[in-house]
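Each remark here refers to the structure printed beneath this line.
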Amino acid sequence: MALLHMAKQCRAVPALLRFRPFHTSLAQKDAPAPVPLSKLKDSFNDGTSIAYIEELEQRYKADPSSVDKTWGMFFKALERGVPGEAIAEAYDAFEKGKVVSPLATAAVSNQTIQESMRLVLLVRAFQVNGHFAATLDPLGLDKRPLNPELDPASYGFTEADLDREFFLGTWNMSGFLNENRPIRTLRETLDRLQETYCGNIGYEYMHIPDRDRCNWLRERIETPELVPFSREKKMHTLDRLAWSDMFETFLANKYTAAKRFGLEGCETLIPGMKAMIDKITDMECNSVVIGMPHRGRLNVLANVVRKPMAQIFSEFSGKKLKGPEGEYTGSGDVKYHLGTSYNRPTSSGKMVHLSLMANPSHLEAVNPLVLGKTRAKQFYSDDNERTHHAAVLLHGDGAFSGQGIVYETLDLCGLLDYTVGGTIHLVVNNQVAFTTDPKESRSSPYCTDVAKALNVPIFHVNADSVESVVRVCELAAEWRQRWKTDVVVDLVCYRKYGHNEIDEPMFTQPLMYKAIRQHKAAHQRYVEQLLAEGSLDKAQVRTIHDRIQELLNQEYEAGRDYRPSAKDWLASHWQGFMSPAQLSRIRNTGVKADVLKSVGHAITALPDGFTAHRQIKKVYEQRRAMIESGEEVDWATSEALAFATLLSEGNHVRLSGQDVERGTFSHRHAVLHDQNTGAKYIPLANVFPGQKPYQFTVCNSSLSEYGVLGFELGYSMENPNSLVLWEAQFGDFANTAQVIFDQFVSSGEAKWLRQSGLVCLLPHGYDGQGPEHSSARLERYLQMSDENPYEMPQIDQREWFAGSHLGTQTQNVNWQIVNCTTPANYFHVLRRQIHRQFRKPLIVMSPKNLLRHPKCKSPLYEFDDIPDDQGIVGVRFKRLIMDDTGLMPKSRAPRPEQEPGYKRVVFCTGKVFYELHAERERQGKQNDIAIVRIEQLVPFPFDLVCREIYRYPNAELLWCQEEPMNMGAYFHMQPRLESCMRAEGRSTNGRIPFAGRPPSASPATGYAAVHAQEQSKLTHEALDLDYNTPWASRGTA
């Protein structure tokens, strides 16, 4: 017999049966009596073992099904020609403690090399393309042809091979191809492949070029058997799904005509999100920042973040909520744009802080803000491993594939100064974008294909299967915490109603909505599933539903008289900061001279042994000379001094944007590179001993405006004790980020009560560089300011010299816009952002030409804390700079000594002042024409302009600018100058004389010679006393 032959060849093969305790089936009749294991621990030559095995072999030959399956595999291997030596060696290896399957190892001998290769290719085909055959569409409308790569016949296998056993082990692989997996028949392997890759979940991860990460996923996906939910987990999942579904039903019944962008059709999102948050919290995360569009937002607010439902119900009334007396409530926003933040417990009893950021209807616009806020949380809590604070973004299918900001945000995930350690993306895939079918809204098979560029896993899931949704959401949380990269969950669902509840979807998707009307909701399906399998009975289901309904009714009644308590709009970092309704005191921004010298030396010193570029070394030597001499401090040095002094006071400074480390115009040089080693040195990171790493951060960004500006805005919103700046490469490039300016920066406080002190540096100025590198589009930012040009602020002259005479003027505007002309003023305006009790965005028309202009310098004493003007208390930013001719020193009193000899006052802002000043000097008109610089355009310095009008009682007013008349500040200045003229008793016809370029479609000419002519013409007209715009008022008394 074959066994006896094998035993003779292998005289001492121990423990033949230790691989598995073989036994006989209870259904078998007259089977040999089991032999105790102790008697089987002998070689084949042992009489008892041989007799037992011979009996089994005889039974197997008579009827293969009469013996245990494992013995059947053993005897079948012998019949198919597997050498006895191979089996004996496999058992011997197993006996010696090697983790190996004896039968699997032996079975290799019965597989040809070609079969082994074809098997591996078949498994790989399921790993790569199995998702195409997955049952992802709940409606069953997405019919896909069978992929031939998933057909065993394509690899040469036939029906006869289905019940053959095969070993699939491959070196250094996990999952189905693991060397230690038990041998399986081809049929069993195919069934498990289908179950894993072609069920309700479709996995895409084989594009990730990292074996360890793919193996990590395979270990969790390619399990020998699917691990079922426990009864407790099923009940927990049902409870969450019931809350999600019944909340939407309740709203639909109570507010039948209201838009709410409900979650019907994707109710499983809620249990999925909650399971994800539970899992990530169990893995040491204690804070999650969430961004999402309007669909399902109310449900997420109520059931995930746990915003009081009474408040949500009260918001459906459409009435403005009344807060505590005197509290700023802003203009508000629709209920499905609002955000909130709460601490809530997880199912395991841990606490997690959830923040859902407010957002506009501009889909995906909130994405980079979420990442910025998350990154800031990580910085302030020293979460350098990015474990404790995570970002979650929800998307729609059409927006994820169609909106460019999605990729701009994805692209930040691996950048050192922007990464948040991975974002979890949840796509609520309606399979329709408003009224547009997928085939018309994207060119790729899936809406999530854009994420493949970042080598992140994508999990597609049929959103009707709540347990599948929970599984992939938990897996996504594990992936994020383990690998610290992005992960995408694509919830393939449907939208029960149209784009909103009062929309009619049958106009455009009749077949889809016929199917939807006949389709059972996920909640009903899961209840039926649990009842069918006996996990619970109808009474238990009724108890869950009754409890939820009762609580919803209670919250609805409470919502009738809901009155919010103190706003949750400011986190703990913001305690003590003032709303626009609260008067903030004025703080000075000057710095003691010895501190200026100290930090000045620190930021101009280079370490020993550091080989700087010779030109950079010269720049730093010149900066050191400025500090030591106290003369001619330039723009870059003044900026560095502002940063350094703020850092020395314990603040955080972050500067970001394209090429900001060097500066677009090669002026900043904040990061130095050793010319021999390439090592970097950042002077501002070494202002004082013990400076916290990254307390000063300067980072070149990706070539993105929309995404990076949004990121920095989100970063600035987390903590007020930080100066966060974004610099555009050129000012007009900022228009690619216009959504962030329009929907967030300019209006965020009014809509959502969220303050930010973000500084935007927009290079601006006409230097002959053509249409695209001249204008930062100042007029757009001015037009978005919410200041009333005809309403003069109330002035308390008792506080004039202390700077507190304007009350809450600055606090009441939506943002500030400045166009500084001196390095010292730039220094003070940056420091002013921190030294106040509130935060406002600051738009700076930053210079290009003035960076190296010989006249654009400031003495160091203008930076210190000793005022240079008589009677003034403290040193601050100058909103207006007086003329430097005539009676000197100029009085800064509200009613200064008058200078009646002047015939014209030219008001201007920015670089054009220096050209006007030089031309006036050349013409010798210093005693005829005064030039006054408006440094702060918003809020407008009504008080100071009135003072200058009073100072020059006989002078006409003229506004001069470089920009065309329909651009720049002219139409912003005109009504404000008129208001000041009327306040001073001047006659006016509503039109201020203008000197500048004529109206134009393009911001500037592309010809250098034409530019020079235009520039000369506008300066001459401004200084020509005979020139006057024909329709303009001369503004005389």
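Just so we're on the same page: first chain in the structure tokens is A, next is B, and so on; residues restart at 1 for each chain, and ligands are numbered from 1 in the order they show up.
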
Can you pull out the residues contacting A:Ala1001? Cut-off 10 Å, using only C-alpha atoms, and skip same-chain residues under 4 positions away; I want them as a PDB file with all heavy atoms, in the first residue's frame.
ATOM      1  N   PRO A 771      -0.568  93.567 -17.766  1.00  0.00           N
ATOM      2  CA  PRO A 771      -1.913  93.460 -17.160  1.00  0.00           C
ATOM      3  C   PRO A 771      -1.985  92.517 -15.965  1.00  0.00           C
ATOM      4  O   PRO A 771      -2.763  92.736 -15.048  1.00  0.00           O
ATOM      5  CB  PRO A 771      -2.768  92.933 -18.317  1.00  0.00           C
ATOM      6  CG  PRO A 771      -2.024  93.255 -19.551  1.00  0.00           C
ATOM      7  CD  PRO A 771      -0.577  93.192 -19.198  1.00  0.00           C
ATOM      8  N   PRO A 964      -6.764 102.429 -13.388  1.00  0.00           N
ATOM      9  CA  PRO A 964      -7.823 103.058 -14.186  1.00  0.00           C
ATOM     10  C   PRO A 964      -8.963 103.529 -13.282  1.00  0.00           C
ATOM     11  O   PRO A 964      -9.146 103.013 -12.171  1.00  0.00           O
ATOM     12  CB  PRO A 964      -8.285 101.935 -15.115  1.00  0.00           C
ATOM     13  CG  PRO A 964      -7.097 101.027 -15.228  1.00  0.00           C
ATOM     14  CD  PRO A 964      -6.436 101.074 -13.879  1.00  0.00           C
ATOM     15  N   ASN A 966     -12.092 102.997 -13.240  1.00  0.00           N
ATOM     16  CA  ASN A 966     -13.068 101.989 -12.830  1.00  0.00           C
ATOM     17  C   ASN A 966     -12.464 100.924 -11.917  1.00  0.00           C
ATOM     18  O   ASN A 966     -13.141  99.985 -11.520  1.00  0.00           O
ATOM     19  CB  ASN A 966     -13.700 101.316 -14.052  1.00  0.00           C
ATOM     20  CG  ASN A 966     -12.674 100.663 -14.954  1.00  0.00           C
ATOM     21  OD1 ASN A 966     -11.622 101.236 -15.222  1.00  0.00           O
ATOM     22  ND2 ASN A 966     -12.973  99.464 -15.423  1.00  0.00           N
ATOM     23  N   MET A 967     -11.205 101.099 -11.582  1.00  0.00           N
ATOM     24  CA  MET A 967     -10.529 100.179 -10.670  1.00  0.00           C
ATOM     25  C   MET A 967      -9.898 100.995  -9.547  1.00  0.00           C
ATOM     26  O   MET A 967     -10.145 102.195  -9.415  1.00  0.00           O
ATOM     27  CB  MET A 967      -9.470  99.359 -11.431  1.00  0.00           C
ATOM     28  CG  MET A 967     -10.041  98.560 -12.594  1.00  0.00           C
ATOM     29  SD  MET A 967      -8.776  97.681 -13.526  1.00  0.00           S
ATOM     30  CE  MET A 967      -9.698  97.203 -14.980  1.00  0.00           C
TER      31      MET A 967
END

Q) Near A:Leu647, counting only C-alpha atoms, which residues have an atom at most 12 Å away, once you skip same-chain residues fewer than 5 positions from it, shown as a VMD selection string? A) chain A and resid 595 599 603 640 to 642 652 to 654 684 to 697 721 to 723 831 834

Q: Show which residues sit within 12 Å of A:Glu504, as number ranges by chain. Count only C-alpha atoms, and ignore same-chain residues fewer than 4 positions away.
A: A: 434-435, 495-500, 508-510, 513

Same residues, C-alpha atoms, saved as a short mmCIF file (atom, residue, chain, number, x, y, z; two decimals), in the first residue's frame:
data_model
loop_
_atom_site.label_atom_id
_atom_site.label_comp_id
_atom_site.auth_asym_id
_atom_site.auth_seq_id
_atom_site.Cartn_x
_atom_site.Cartn_y
_atom_site.Cartn_z
CA PHE A 434 -28.23 68.01 -8.93
CA THR A 435 -29.81 66.92 -12.23
CA ARG A 495 -31.28 60.75 -3.05
CA LYS A 496 -34.87 60.03 -2.10
CA TYR A 497 -36.09 63.47 -3.15
CA GLY A 498 -34.74 65.97 -5.63
CA HIS A 499 -31.87 68.35 -5.04
CA ASN A 500 -34.01 69.53 -2.16
CA THR A 508 -34.64 64.64 -15.39
CA GLN A 509 -34.20 61.16 -13.82
CA PRO A 510 -37.55 59.38 -14.30
CA TYR A 513 -36.94 57.84 -9.27
#

(Q) Measuring between only C-alpha atoms, which one of A:Glu963, A:Glu791, A:Glu948, A:Glu1014 shows the shortest distance to A:Gly765? (A) A:Glu963

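Atom pair atom CA of A:Tyr970 / atom CA of A:Ile795: separated by 25.3 Å.
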
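Interatomic distance, atom CA of A:Tyr706 to atom CA of A:Leu269: 28.5 Å.
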
Q.
Neighbouring residues of A:Ala376 were defined as those with any atom within 6 Å, considering only C-alpha atoms; residues of the same chain fewer than 3 positions away were excluded. Please report them as a ChimeraX atom specification.
A. /A:373,379,715

Pull C-alpha atoms from the residues just selected and write them as a PDB file, in the first residue's frame.
ATOM      1  CA  LYS A 373      -7.888  74.210  11.690  1.00  0.00           C
ATOM      2  CA  PHE A 379       0.525  72.563  16.667  1.00  0.00           C
ATOM      3  CA  TYR A 715      -5.421  77.750  10.808  1.00  0.00           C
TER       4      TYR A 715
END

Non-local contacts of A:Lys61 (9 Å; only C-alpha atoms; under 4 positions in same chain excluded) as a compact mmCIF listing (two decimals) with N, CA and C atoms, in the first residue's frame:
# COMPACT_ATOMS: atom_id res chain seq x y z
N LEU A 56 -8.62 3.64 7.67
CA LEU A 56 -9.16 4.87 7.07
C LEU A 56 -8.98 4.87 5.56
N GLU A 57 -7.81 4.39 5.13
CA GLU A 57 -7.54 4.39 3.69
C GLU A 57 -8.53 3.48 2.97
N PHE A 75 -5.45 11.58 1.51
CA PHE A 75 -5.41 10.43 0.61
C PHE A 75 -5.49 10.87 -0.86

Q: Give the alpha helix (DSSP H) residues of stretch 205-293 of chain A, as assigned by DSSP on the backbone, as a ChimeraX atom specification.
A: /A:211-221,231-254,269-282

Q: Determine, counting only C-alpha atoms, which protein, DNA and RNA residues have an atom within 7 Å of an atom of A:Met578; residues of the same chain fewer than 5 positions away are not included. Present the result as JSON, numbers by chain.
A: {"A": [584, 837, 838]}

Store the residues picked out above, limited to N, CA, C and O atoms, as a compact mmCIF listing (two decimals), in the first residue's frame.
# COMPACT_ATOMS: atom_id res chain seq x y z
N SER A 584 -13.45 97.38 22.60
CA SER A 584 -12.09 96.92 22.89
C SER A 584 -11.17 98.13 23.07
O SER A 584 -11.24 99.08 22.31
N GLN A 837 -8.03 93.32 21.38
CA GLN A 837 -8.87 92.34 22.03
C GLN A 837 -9.91 91.71 21.10
O GLN A 837 -10.89 91.14 21.56
N PHE A 838 -9.70 91.84 19.83
CA PHE A 838 -10.57 91.20 18.85
C PHE A 838 -9.72 90.87 17.64
O PHE A 838 -8.55 91.25 17.56

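We find atom CA of A:Leu977 and atom CA of A:Met888 to be spaced 24.9 Å apart.
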